[in-house]
Each structure stands twice: as C-alpha cells, then as structure tokens.
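Asks: I'm passing along data-v1.txt; it holds compact mmCIF, C-alpha atoms and all ligand atoms.
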```
# COMPACT_ATOMS: atom_id res chain seq x y z
CA MET A 1 68.23 92.91 75.92
CA ALA A 2 66.39 96.16 76.51
CA ASN A 3 68.44 99.19 77.49
CA LEU A 4 66.80 100.81 80.54
CA GLU A 5 69.03 103.90 80.61
CA VAL A 6 67.44 107.34 80.72
CA ASP A 7 68.88 110.79 80.12
CA PHE A 8 67.06 113.12 82.49
CA CYS A 9 68.05 116.81 82.35
CA GLY A 10 71.47 115.73 81.08
CA VAL A 11 71.98 113.21 83.90
CA ARG A 12 72.25 109.52 83.00
CA PHE A 13 70.15 107.08 85.04
CA LYS A 14 70.83 103.34 84.66
CA ASN A 15 67.05 102.77 84.83
CA PRO A 16 63.97 105.00 85.25
CA LEU A 17 63.00 103.84 88.74
CA ALA A 18 63.63 106.29 91.59
CA ALA A 19 62.99 105.74 95.29
CA ALA A 20 60.80 108.75 96.13
CA SER A 21 61.64 111.18 98.90
CA ALA A 22 60.16 109.67 102.07
CA GLU A 23 61.08 107.36 104.97
CA PRO A 24 62.80 104.79 102.68
CA THR A 25 65.28 107.62 101.89
CA LEU A 26 65.38 109.08 105.43
CA ASN A 27 69.17 108.85 105.81
CA ALA A 28 72.28 107.43 104.17
CA ALA A 29 71.68 103.92 105.53
CA ASN A 30 68.19 103.78 104.02
CA MET A 31 69.25 105.34 100.71
CA LYS A 32 72.05 102.78 100.37
CA LYS A 33 69.44 100.03 100.70
CA CYS A 34 67.47 101.58 97.79
CA ILE A 35 70.68 101.68 95.75
CA ASP A 36 71.50 98.08 96.66
CA ALA A 37 67.99 97.12 95.51
CA GLY A 38 68.82 98.48 92.05
CA ALA A 39 67.00 101.83 91.98
CA GLY A 40 68.32 104.09 89.22
CA ALA A 41 68.01 107.03 91.60
CA VAL A 42 67.20 107.90 95.18
CA ILE A 43 65.54 111.15 96.13
CA ALA A 44 66.63 112.03 99.65
CA LYS A 45 64.03 112.85 102.29
CA THR A 46 63.37 116.59 102.06
CA MET A 47 66.00 118.64 103.90
CA THR A 48 64.39 121.55 105.75
CA ASP A 49 65.07 124.60 107.88
CA SER A 50 61.66 124.20 109.55
CA PRO A 51 62.03 122.77 113.10
CA ALA A 52 58.29 121.98 113.10
CA MET A 53 58.59 119.82 109.96
CA ARG A 54 61.60 117.99 111.40
CA GLU A 55 59.93 117.39 114.73
CA LEU A 56 56.79 116.00 113.07
CA THR A 57 58.83 113.14 111.63
CA THR A 58 59.75 112.00 115.15
CA ARG A 59 56.01 111.41 115.68
CA ALA A 60 55.22 110.04 112.20
CA LYS A 61 52.19 107.78 111.84
CA TRP A 62 50.76 105.78 109.02
CA ARG A 63 48.28 103.03 108.28
CA PHE A 64 47.66 100.94 105.19
CA LEU A 65 43.92 100.90 104.50
CA ASN A 66 41.87 98.39 102.52
CA ASP A 67 39.33 99.32 99.84
CA LYS A 68 36.70 99.98 102.57
CA HIS A 69 39.22 102.37 104.13
CA GLU A 70 39.61 100.21 107.21
CA VAL A 71 43.04 99.65 108.72
CA CYS A 72 44.72 96.56 107.21
CA ARG A 73 46.00 93.95 109.63
CA GLY A 74 48.35 91.62 107.83
CA LYS A 75 47.35 91.37 104.22
CA VAL A 76 47.50 94.64 102.31
CA PRO A 77 45.51 94.51 99.05
CA ARG A 78 46.80 96.01 95.80
CA SER A 79 44.04 98.60 96.01
CA PHE A 80 45.36 99.98 99.32
CA SER A 81 45.52 103.56 100.51
CA LEU A 82 48.40 104.83 102.59
CA TYR A 83 47.09 107.29 105.18
CA SER A 84 49.96 109.11 106.83
CA ARG A 85 51.21 111.98 108.93
CA SER A 86 54.91 112.65 108.53
CA GLY A 87 57.26 115.60 108.32
CA LEU A 88 60.56 116.18 106.53
CA ALA A 89 64.17 115.08 107.18
CA LEU A 90 64.98 114.65 110.88
CA GLU A 91 68.36 116.40 111.00
CA PRO A 92 68.97 120.15 110.61
CA PRO A 93 70.55 120.92 107.19
CA ALA A 94 74.22 120.93 108.28
CA GLU A 95 73.78 117.48 109.83
CA PHE A 96 71.64 116.09 107.01
CA MET A 97 74.25 117.12 104.45
CA LYS A 98 76.57 114.49 105.97
CA GLU A 99 73.98 111.85 105.02
CA ILE A 100 73.81 113.30 101.51
CA ARG A 101 77.60 113.33 101.05
CA GLU A 102 77.91 109.75 102.23
CA THR A 103 75.13 108.65 99.87
CA VAL A 104 76.61 110.56 96.92
CA ARG A 105 79.91 108.68 97.41
CA TYR A 106 78.09 105.35 97.62
CA ALA A 107 75.97 106.15 94.57
CA GLU A 108 79.07 106.97 92.52
CA GLU A 109 80.52 103.55 93.34
CA ASN A 110 77.24 101.82 92.53
CA ASN A 111 76.07 103.52 89.35
CA ALA A 112 73.12 105.36 90.90
CA VAL A 113 71.99 108.98 91.06
CA VAL A 114 71.24 110.90 94.28
CA ILE A 115 68.70 113.68 93.95
CA GLY A 116 68.55 116.22 96.77
CA SER A 117 65.17 117.45 97.98
CA ILE A 118 64.70 120.76 99.80
CA GLY A 119 61.87 122.55 101.59
CA SER A 120 62.26 125.94 103.26
CA VAL A 121 59.91 128.35 104.98
CA GLU A 122 61.45 131.49 103.46
CA LEU A 123 62.62 132.66 100.04
CA ASP A 124 66.26 133.07 101.18
CA GLY A 125 66.10 129.69 102.88
CA TRP A 126 65.24 127.93 99.61
CA VAL A 127 68.31 129.49 98.02
CA GLU A 128 70.53 128.59 100.97
CA LEU A 129 69.34 124.97 101.05
CA GLY A 130 69.76 124.72 97.28
CA LYS A 131 73.38 125.89 97.51
CA GLN A 132 74.16 123.50 100.36
CA MET A 133 72.67 120.63 98.39
CA GLU A 134 74.68 121.52 95.31
CA ASP A 135 77.87 121.67 97.42
CA GLY A 136 77.05 118.16 98.56
CA GLY A 137 77.58 116.92 95.01
CA VAL A 138 74.06 116.00 93.86
CA PRO A 139 73.46 116.43 90.11
CA LEU A 140 69.77 117.38 90.50
CA ILE A 141 67.70 119.11 93.19
CA GLU A 142 63.98 118.64 93.74
CA LEU A 143 62.07 121.52 95.33
CA ASN A 144 59.24 120.16 97.44
CA PHE A 145 56.20 122.36 96.68
CA GLY A 146 53.87 119.42 97.21
CA CYS A 147 54.08 118.09 100.75
CA PRO A 148 50.48 118.18 102.09
CA HIS A 149 51.31 118.35 105.82
CA PRO A 150 52.28 122.04 106.17
CA LYS A 151 48.74 122.81 105.02
CA LEU A 152 47.59 121.15 108.25
CA MET A 153 50.12 123.01 110.41
CA PRO A 154 49.25 126.66 110.98
CA GLY A 155 52.09 129.06 110.13
CA VAL A 156 54.34 126.58 108.28
CA ARG A 157 54.76 128.08 104.81
CA THR A 158 56.38 125.33 102.82
CA GLY A 159 55.35 122.30 100.70
CA MET A 160 51.83 122.52 99.37
CA ASN A 161 51.38 126.02 100.83
CA VAL A 162 53.97 127.12 98.28
CA GLY A 163 52.61 124.91 95.47
CA GLN A 164 49.21 126.56 95.79
CA ASP A 165 50.67 130.05 95.44
CA PHE A 166 51.87 130.05 91.81
CA ASP A 167 53.57 133.46 91.95
CA TYR A 168 55.52 132.74 95.13
CA ALA A 169 56.45 129.29 93.77
CA CYS A 170 57.85 130.90 90.62
CA GLU A 171 59.75 133.48 92.66
CA ILE A 172 61.44 130.67 94.62
CA THR A 173 62.09 128.65 91.45
CA ASN A 174 63.72 131.62 89.80
CA ALA A 175 65.85 132.45 92.84
CA VAL A 176 67.11 128.87 93.25
CA ALA A 177 67.67 128.41 89.50
CA GLN A 178 69.85 131.55 89.52
CA ALA A 179 71.78 130.41 92.59
CA VAL A 180 72.73 126.86 91.57
CA LYS A 181 74.18 125.34 88.41
CA VAL A 182 72.50 121.93 88.65
CA PRO A 183 69.01 121.53 87.11
CA ILE A 184 66.12 121.95 89.52
CA ILE A 185 63.00 119.81 89.50
CA ILE A 186 59.78 121.20 90.95
CA LYS A 187 57.55 118.72 92.80
CA VAL A 188 53.99 120.01 92.78
CA THR A 189 50.79 119.34 94.66
CA PRO A 190 47.84 117.95 92.68
CA GLN A 191 45.50 120.10 94.77
CA VAL A 192 45.40 123.05 92.38
CA THR A 193 43.24 123.82 89.38
CA ASP A 194 45.66 123.70 86.47
CA LEU A 195 49.02 121.98 86.50
CA VAL A 196 49.64 122.68 82.81
CA GLN A 197 49.51 126.41 83.38
CA PHE A 198 51.61 126.05 86.54
CA SER A 199 54.19 123.82 84.81
CA GLY A 200 54.57 126.43 82.06
CA MET A 201 55.09 129.17 84.64
CA LEU A 202 57.68 127.07 86.47
CA LYS A 203 59.51 126.29 83.23
CA ASP A 204 59.68 130.01 82.41
CA ALA A 205 60.94 130.67 85.95
CA GLY A 206 63.88 128.28 85.45
CA ALA A 207 62.65 124.78 86.31
CA GLY A 208 64.54 122.07 84.42
CA ALA A 209 61.79 119.50 85.05
CA VAL A 210 58.63 118.88 87.05
CA THR A 211 57.61 116.11 89.42
CA LEU A 212 53.93 115.28 88.99
CA THR A 213 52.61 114.98 91.73
CA ASN A 214 52.73 114.78 95.53
CA ARG A 215 49.77 113.33 97.46
CA PHE A 216 46.32 114.47 98.52
CA ILE A 217 44.88 115.40 101.93
CA GLY A 218 42.16 113.08 103.20
CA PHE A 219 40.00 112.38 106.24
CA VAL A 220 38.97 108.87 107.31
CA PRO A 221 36.60 108.19 110.25
CA ASP A 222 36.66 104.85 112.08
CA ILE A 223 32.95 103.94 112.32
CA GLU A 224 33.50 101.72 115.39
CA THR A 225 34.93 104.52 117.54
CA GLY A 226 33.45 107.55 115.81
CA LYS A 227 36.95 109.06 115.74
CA PRO A 228 39.22 109.72 112.77
CA LEU A 229 42.07 107.35 112.02
CA ILE A 230 45.48 108.55 113.27
CA TYR A 231 43.83 111.52 114.99
CA GLY A 232 42.56 113.51 112.01
CA LYS A 233 43.30 114.73 108.50
CA ALA A 234 46.39 113.23 106.86
CA GLY A 235 48.14 112.68 103.57
CA ILE A 236 46.51 110.03 101.41
CA GLY A 237 47.46 108.17 98.27
CA GLY A 238 47.95 104.70 96.91
CA PRO A 239 47.80 102.86 93.59
CA TRP A 240 44.27 104.20 92.98
CA THR A 241 45.64 107.71 92.46
CA LYS A 242 47.56 106.62 89.34
CA PRO A 243 45.00 107.72 86.69
CA LEU A 244 44.70 111.13 88.37
CA THR A 245 48.46 111.58 88.21
CA LEU A 246 48.69 110.24 84.66
CA ARG A 247 46.08 112.76 83.54
CA TRP A 248 48.48 115.58 84.46
CA ILE A 249 51.49 113.79 83.02
CA ASN A 250 49.51 113.36 79.80
CA GLU A 251 48.58 117.05 79.62
CA VAL A 252 52.00 118.42 80.55
CA ARG A 253 53.71 116.04 78.09
CA ALA A 254 51.22 116.94 75.33
CA THR A 255 51.85 120.65 75.92
CA PHE A 256 55.62 120.82 76.41
CA GLY A 257 56.95 117.54 74.91
CA ASN A 258 60.70 117.07 75.47
CA ASP A 259 61.09 120.74 76.47
CA LEU A 260 59.96 119.96 80.02
CA PRO A 261 61.05 116.54 81.31
CA ILE A 262 58.69 114.90 83.81
CA THR A 263 59.23 112.57 86.74
CA GLY A 264 56.06 110.83 87.84
CA THR A 265 54.99 109.98 91.39
CA ASN A 266 51.73 109.22 93.20
CA GLY A 267 50.29 105.86 92.24
CA ALA A 268 53.12 103.72 90.82
CA TYR A 269 52.78 100.33 92.49
CA ASP A 270 54.67 97.92 90.22
CA TRP A 271 56.45 97.63 86.86
CA ARG A 272 53.16 97.76 84.96
CA ASP A 273 52.54 101.17 86.49
CA ILE A 274 56.07 102.26 85.63
CA VAL A 275 55.27 101.40 82.00
CA MET A 276 52.01 103.42 82.19
CA PHE A 277 53.83 106.42 83.65
CA ILE A 278 56.45 106.24 80.88
CA MET A 279 53.88 105.78 78.12
CA SER A 280 52.05 108.85 79.49
CA GLY A 281 55.24 110.92 79.35
CA ALA A 282 57.29 110.53 82.55
CA SER A 283 60.97 109.66 81.90
CA VAL A 284 61.65 108.83 85.55
CA VAL A 285 59.13 107.12 87.83
CA GLN A 286 59.24 107.47 91.60
CA MET A 287 57.98 104.87 94.05
CA CYS A 288 57.22 105.27 97.75
CA SER A 289 54.10 103.60 99.23
CA ALA A 290 54.72 100.15 97.76
CA VAL A 291 58.28 100.20 99.11
CA MET A 292 56.93 101.28 102.51
CA CYS A 293 54.65 98.24 102.41
CA TYR A 294 56.86 95.52 100.92
CA GLY A 295 60.39 96.73 101.67
CA TYR A 296 63.40 97.67 99.56
CA GLU A 297 63.48 94.40 97.56
CA TRP A 298 60.25 95.54 95.91
CA LEU A 299 62.36 97.96 93.86
CA GLU A 300 64.52 95.18 92.46
CA LYS A 301 61.50 93.16 91.35
CA GLN A 302 60.07 96.13 89.48
CA VAL A 303 63.29 96.83 87.57
CA LYS A 304 63.37 93.16 86.52
CA GLY A 305 59.67 93.24 85.58
CA LEU A 306 60.19 96.33 83.45
CA GLU A 307 63.12 94.74 81.65
CA LEU A 308 61.19 91.53 80.94
CA PHE A 309 58.20 93.49 79.66
CA MET A 310 60.37 95.53 77.30
CA ASP A 311 62.11 92.41 75.99
CA GLU A 312 58.79 90.64 75.46
CA LYS A 313 57.26 93.61 73.65
CA GLY A 314 60.39 94.49 71.69
CA TYR A 315 60.93 97.95 73.18
CA GLY A 316 64.70 98.53 72.87
CA THR A 317 64.88 101.69 74.99
CA ILE A 318 62.79 103.73 77.44
CA GLU A 319 62.70 106.41 74.74
CA ASP A 320 60.76 103.96 72.51
CA MET A 321 57.90 104.00 75.06
CA LEU A 322 58.13 107.61 76.25
CA GLY A 323 54.83 109.41 75.79
CA ILE A 324 53.48 106.97 73.18
CA ALA A 325 50.05 106.71 74.82
CA THR A 326 49.84 110.50 75.07
CA ASP A 327 50.85 110.82 71.40
CA SER A 328 48.06 108.48 70.30
CA ALA A 329 45.28 109.93 72.49
CA ILE A 330 42.47 111.59 70.51
CA GLU A 331 39.86 114.21 71.38
CA TYR A 332 36.22 113.39 72.17
CA SER A 333 35.17 114.78 68.77
CA GLN A 334 37.54 112.44 66.90
CA MET A 335 36.23 109.18 68.36
CA PRO A 336 35.20 106.73 65.61
CA PRO A 337 31.56 105.49 65.61
CA GLU A 338 31.19 102.01 67.17
CA LYS A 339 28.44 99.50 67.95
CA ALA A 340 28.16 96.35 70.04
CA SER A 341 27.72 92.90 68.46
CA VAL A 342 26.74 89.62 70.12
CA ASP A 343 28.01 86.19 69.10
CA ALA A 344 24.87 84.04 69.57
CA GLU A 345 26.99 80.86 69.68
CA VAL A 346 28.96 82.10 72.68
CA CYS A 347 26.30 84.16 74.56
CA LYS A 348 24.90 82.38 77.65
CA ASP A 349 21.83 84.66 77.77
CA CYS A 350 22.55 85.68 81.39
CA GLY A 351 21.10 89.15 80.85
CA MET A 352 23.87 91.03 82.64
CA CYS A 353 24.36 93.27 79.62
CA LEU A 354 20.70 94.36 79.69
CA LYS A 355 21.18 95.77 83.19
CA ALA A 356 24.15 97.84 81.98
CA CYS A 357 22.44 99.16 78.82
CA PHE A 358 20.69 102.52 79.00
CA SER A 359 19.82 102.85 75.29
CA GLU A 360 17.56 99.80 75.03
CA ALA A 361 20.08 98.39 72.57
CA MET A 362 20.62 95.05 74.31
CA GLN A 363 17.57 92.86 73.87
CA GLN A 364 16.71 89.30 74.95
CA GLY A 365 14.88 86.75 72.73
CA ASP A 366 15.21 83.25 71.25
CA GLY A 367 17.65 82.09 73.94
CA ASN A 368 20.31 84.74 73.46
CA VAL A 369 20.88 88.43 73.54
CA TYR A 370 20.85 90.49 70.36
CA VAL A 371 21.64 94.15 69.61
CA ARG A 372 19.06 96.62 68.33
CA GLU A 373 21.60 98.48 66.24
CA GLU A 374 19.63 101.66 65.71
CA ASN A 375 19.67 102.23 69.51
CA CYS A 376 23.30 101.27 70.21
CA VAL A 377 25.72 104.16 70.83
CA GLY A 378 28.71 101.82 71.25
CA CYS A 379 29.34 102.87 74.85
CA GLY A 380 30.86 99.52 75.83
CA GLY A 381 29.06 99.05 79.17
CA CYS A 382 27.68 95.67 78.00
CA TYR A 383 31.15 94.56 76.89
CA SER A 384 32.56 95.35 80.32
CA VAL A 385 29.94 93.50 82.38
CA CYS A 386 29.56 90.43 80.10
CA PRO A 387 31.01 87.45 82.01
CA VAL A 388 31.55 85.33 78.87
CA LYS A 389 34.69 86.13 76.91
CA GLY A 390 33.98 86.67 73.21
CA ALA A 391 30.19 86.94 73.59
CA ILE A 392 30.11 90.73 73.09
CA GLU A 393 32.48 92.82 70.98
CA ILE A 394 32.56 96.53 70.20
CA ASN A 395 33.28 97.20 66.51
CA PRO A 396 33.67 100.24 64.28
CA TYR A 397 30.88 100.62 61.74
C1 LIG B 1 55.28 108.70 104.91
C2 LIG B 1 55.58 109.55 103.70
C3 LIG B 1 56.57 110.52 103.78
C4 LIG B 1 56.86 111.32 102.67
N1 LIG B 1 57.84 112.28 102.77
C5 LIG B 1 58.10 113.07 101.71
C6 LIG B 1 59.15 114.03 101.77
O1 LIG B 1 59.87 114.18 102.75
N2 LIG B 1 59.35 114.81 100.65
C7 LIG B 1 58.61 114.67 99.51
O2 LIG B 1 58.85 115.39 98.52
N3 LIG B 1 57.63 113.75 99.43
C8 LIG B 1 57.38 112.94 100.48
N4 LIG B 1 56.41 111.97 100.38
C9 LIG B 1 55.71 111.78 99.09
C10 LIG B 1 56.41 110.68 98.29
O3 LIG B 1 57.70 111.09 97.89
C11 LIG B 1 55.63 110.29 97.01
O4 LIG B 1 55.64 111.40 96.14
C12 LIG B 1 54.18 109.92 97.32
O5 LIG B 1 54.13 108.98 98.37
C13 LIG B 1 53.47 109.34 96.09
O6 LIG B 1 54.11 108.20 95.58
P1 LIG B 1 53.57 106.71 95.86
O7 LIG B 1 52.22 106.59 95.23
O8 LIG B 1 54.61 105.83 95.20
O9 LIG B 1 53.52 106.52 97.33
C14 LIG B 1 56.12 111.14 101.48
C15 LIG B 1 55.12 110.18 101.41
C16 LIG B 1 54.85 109.38 102.50
C17 LIG B 1 53.78 108.34 102.37
```
Could you write out this structure as structure tokens?

Replies:
Amino acid sequence: MANLEVDFCGVRFKNPLAAASAEPTLNAANMKKCIDAGAGAVIAKTMTDSPAMRELTTRAKWRFLNDKHEVCRGKVPRSFSLYSRSGLALEPPAEFMKEIRETVRYAEENNAVVIGSIGSVELDGWVELGKQMEDGGVPLIELNFGCPHPKLMPGVRTGMNVGQDFDYACEITNAVAQAVKVPIIIKVTPQVTDLVQFSGMLKDAGAGAVTLTNRFIGFVPDIETGKPLIYGKAGIGGPWTKPLTLRWINEVRATFGNDLPITGTNGAYDWRDIVMFIMSGASVVQMCSAVMCYGYEWLEKQVKGLELFMDEKGYGTIEDMLGIATDSAIEYSQMPPEKASVDAEVCKDCGMCLKACFSEAMQQGDGNVYVREENCVGCGGCYSVCPVKGAIEINPY
C-alpha cells in the first residue's frame, strides 16, 4: 500500500492533505472535525490583532456560482466559483489561542498537524502573534500575506496589502523568522507580477516554505437586478483557478527545487487535483472551497482517492510524484514537430475538424477527411474537437 506520509520543513504529516485556513478551521470544534475526517493537517483560521478583520467575519457572506456566474440553488457544479466576503478569526488573540491549544492537544492524540496562521496590521504585531502561536505548541506558522479582503477595506494593512509590498513583506518575514524557532510559511497573493522573484526574496528573508496562493478579487453583477452579488467586490476562486496556481507552483519548484518547500492552495477540488498539485511541486495541498460546499467528509474521500490512485499507478510515496510534471516540462523551442493524421476507416466525415483548422490542413473529399500535410502545423485543434475516438491522432514526424 502507498505511503502517504510527507516531511514538510522537518514536520511529519501522515498525508499531504491540509484543511486550509478558513471557516472549516474557525475554532477548535471545527478543526477537530477536519482531523476526524482524516486531514493530515489543519491550518487554523488566521489569528489577528485587527478588530475590523475580526468583525467582518461576524457578517461573512458567500455564494456558490455556476459557470454562468449565477448563484447556485441546490446543485453546485464542479466548475463552480466561490464568491465570498469574510474576515479573519473571530476571537482576539488571547482568546483564540485557547482554541489553538485545545486543537494541538487533539491533533497530538490523533496523528495530525496544526498549523497556526497569523495576520497583523503592524510589524511588531506580526512578531507578537508569531510568538503567541509558537507558545501554543504549533510546529509551523503560516503568515497570511494573501487575504484579498483588506484590499477592499480602507486603512487595513494586512493580508494582500502586505503581499503586494515585497519589501515590507520581507521585513515582516525576517522579523518573525528571528523571533520564533518554528519554520514559517508565507502565504502569498497571486495578484502580483512575479511570484518567483517574491518567493526568492522571502526565502532569503527567512521563510521556510511558501503557500501558493490565496484567492483573487472579483466583481459579479446580477443582470436581473442590476446590482452586484453580495453587495460588491469580493474574494473569488474555485476549481477553475487550479492551472493559474499550478503555473506558479511549477515555476517556484523549477527555480528552487527542494530548497523551498511549497504548499499549494487555490483550486484543489478533489484527489485528482491533489495529484496535479503534487506533480507540479507542492508537497502539501490545502483544500477549502470544496469542503465549504460538501462538508468535512469530503476530506476523507480525497485521502482515500489519493491512496487508491497511488496504488493503481504504483507510486510508493508522495516523494515519487513530487514535481515530476515540472521536471518533464520543456520549453517552447524544444517542442518536437508533429502532424495530424486521419484514420479513414474510423472518420465519420462530420467536418467538425475543418471548422477548428486555421491552416487549411484538414480537407474533405471522397467521404472522409484527409490531412494536407504540407499545411499542418500539428496544433491539435482538430484532435480536440473530433467527436469520434481514434479518427484523428497527432504524431511526431
Ligand atoms: C470564506 C473563506 C474564508 C477564508 N479565510 C481565510 C483565512 O482566514 N486565512 C487565510 O489564509 N485564507 C483564508 N481563505 C483562503 C483559503 O484558505 C484558501 O487558500 C482559498 O480558499 C483557496 O483554496 P480553495 O480553492 O481550496 O478554496 C478563506 C477562503 C474563503 C473562501
């Protein structure tokens, strides 16, 4: 049977699935449910010294949207978006630390890891929250430089407002890294130009790992009322963000390899996505929106799915899959020449491929489609739209 254990910054996880910092990890009771559902780790809701960010959570709002970006009622499709307004942990730090301590004790009894998450509005505050979290017994602390909501709240300098200011972010990282002994993980916003450069700066400033990435800010009007959903701009994400996140995981993994461990978040829906995150280079994969939609038992199903996949494919350990897709990715200039071919016996002559060909390579005649080879660039558009399996193939030449 596959071994799902992961060593992340020197901490052993029984499996790579972490419940991300959000409402499913709002307090000890919720975090225990994530642990009971088999998560390797729980990342507590971000503890903060900002009263505004605590108060926002008491008025949190979210809607699952379908692929037309209308509010779902009942069935939520796999291609959903989660459009939300929410703050950080409800309790002031001293109170919230009781939730952390209780969860740390429970995690120790149940072979799980508790990761603390912090978000301050001042340099000294980050250090203070980091120390409190370390005193609470967590083996890892995530610094939340990614939360999109402070960007929408004038005067609240935390979350993404920090993640967009690389120098200030590094100053905080350095100060916290000096103040605590446990490794710190920096959770970044994707709404910057270059996360490879930023990750390198954070590593130099003392980050033990990075979390790629928090969510985006969006705006969704309701065309019936002419008003925006949930009153205006909000955080947005969902399974569709996965390739955008994996792009950064790919680049950071390709640049720093094992020198900068990565946890991935923003777009992991099920065990297949966990595999994609790992193959791109994330050792630990965080999940939030899908749990918010389907409940805690979703986590359990994904751990089982991952284990079955690994057994079926013969991957003995997570390490066997880590970064393998990134390692085998090649540059544009290295792509081998390819051309389409049509199997006349299988082709139904529907002509779909002609509509998707912009090189005049796909031609119709004598009851089936054929390829004018000198025109074909091997783009693969025809292969994708052909409704008959085996009628079109793309081959090296
Ligand atoms: C309602 C809600 C609340 C969240 N609260 C936090 C938070 O307190 N701290 C944090 O670092 N991220 C927070 N996040 C971001 C999640 O931890 C996670 O990174 C994000 O949802 C992307 O993962 P997903 O695609 O699995 O949902 C929140 C997300 C949502 C939807």

Asks: Please give me, as number ranges by chain, the residues lying within 8 Å of ligand LIG 1 (chain B) when counting only C-alpha atoms and all ligand atoms.

Replies: A: 19-23, 26, 44-47, 60-62, 82-89, 117, 142-147, 187, 213-215, 235-239, 241-242, 265-269, 286-292

Asks: Quick one, how far is CA of Asp270 in chain A from CA of Gln302 in chain A?

Replies: 5.7 Å

Asks: For a quick check of your reading of the model, name the residues lying within 6 Å of the coordinate (25.3, 94.7, 75.0), counting only C-alpha atoms, and write them as a PyMOL selection string.

Replies: chain A and resi 340+353+362+382

Asks: Can you tell me how far CA of Val71 in chain A sits from CA of Asp273 in chain A, in Å to one decimal?

Replies: 24.2 Å

Asks: Once you count all atoms listed in the file, which residues end up no further than 9 Å from (26.9, 87.2, 81.6) in the file's frame, shown as JSON, numbers by chain?

Replies: {"A": [347, 348, 349, 350, 351, 352, 353, 385, 386, 387, 388, 391]}

Asks: Can you spit out the residues from that selection as a CSV table (one decimal), in the coordinates of the input, using C-alpha atoms?

Replies:
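Result file part.csv:
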```
chain,number,residue,atom,x,y,z
A,347,CYS,CA,26.3,84.2,74.6
A,348,LYS,CA,24.9,82.4,77.6
A,349,ASP,CA,21.8,84.7,77.8
A,350,CYS,CA,22.6,85.7,81.4
A,351,GLY,CA,21.1,89.2,80.8
A,352,MET,CA,23.9,91.0,82.6
A,353,CYS,CA,24.4,93.3,79.6
A,385,VAL,CA,29.9,93.5,82.4
A,386,CYS,CA,29.6,90.4,80.1
A,387,PRO,CA,31.0,87.4,82.0
A,388,VAL,CA,31.6,85.3,78.9
A,391,ALA,CA,30.2,86.9,73.6
```

Asks: As an exercise, work out the distance from CA of Arg54 in chain A to CA of Pro93 in chain A in Å and give it to one decimal place.

Replies: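 Result for CA of Arg54 in chain A versus CA of Pro93 in chain A: 10.3 Å, one decimal.
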
Asks: Find the residue from A:Leu308, A:Ala254, A:Leu260, A:Ile43 that sits nearest to Asp204 in chain A; use all atoms listed in the file when measuring.

Replies: A:Leu260

Asks: Rank A:Val6, A:Leu140, A:Leu65, A:Leu202 by their smallest atom-to-atom distance to Pro221 in chain A, using all atoms listed in the file, and report the top residue only.

Replies: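 Of the candidates, the smallest distance to Pro221 in chain A is held by A:Leu65.
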
Asks: First collect every listed atom of range 253-262 of chain A; then fit an axis-aligned box around them, widen it by 8 Å on each side, and give centre and edge lengths in Å to one decimal, as lines of an AutoDock Vina configuration file.

Replies:
```
center_x = 56.2
center_y = 117.9
center_z = 79.4
size_x = 25.9
size_y = 21.9
size_z = 24.9
```
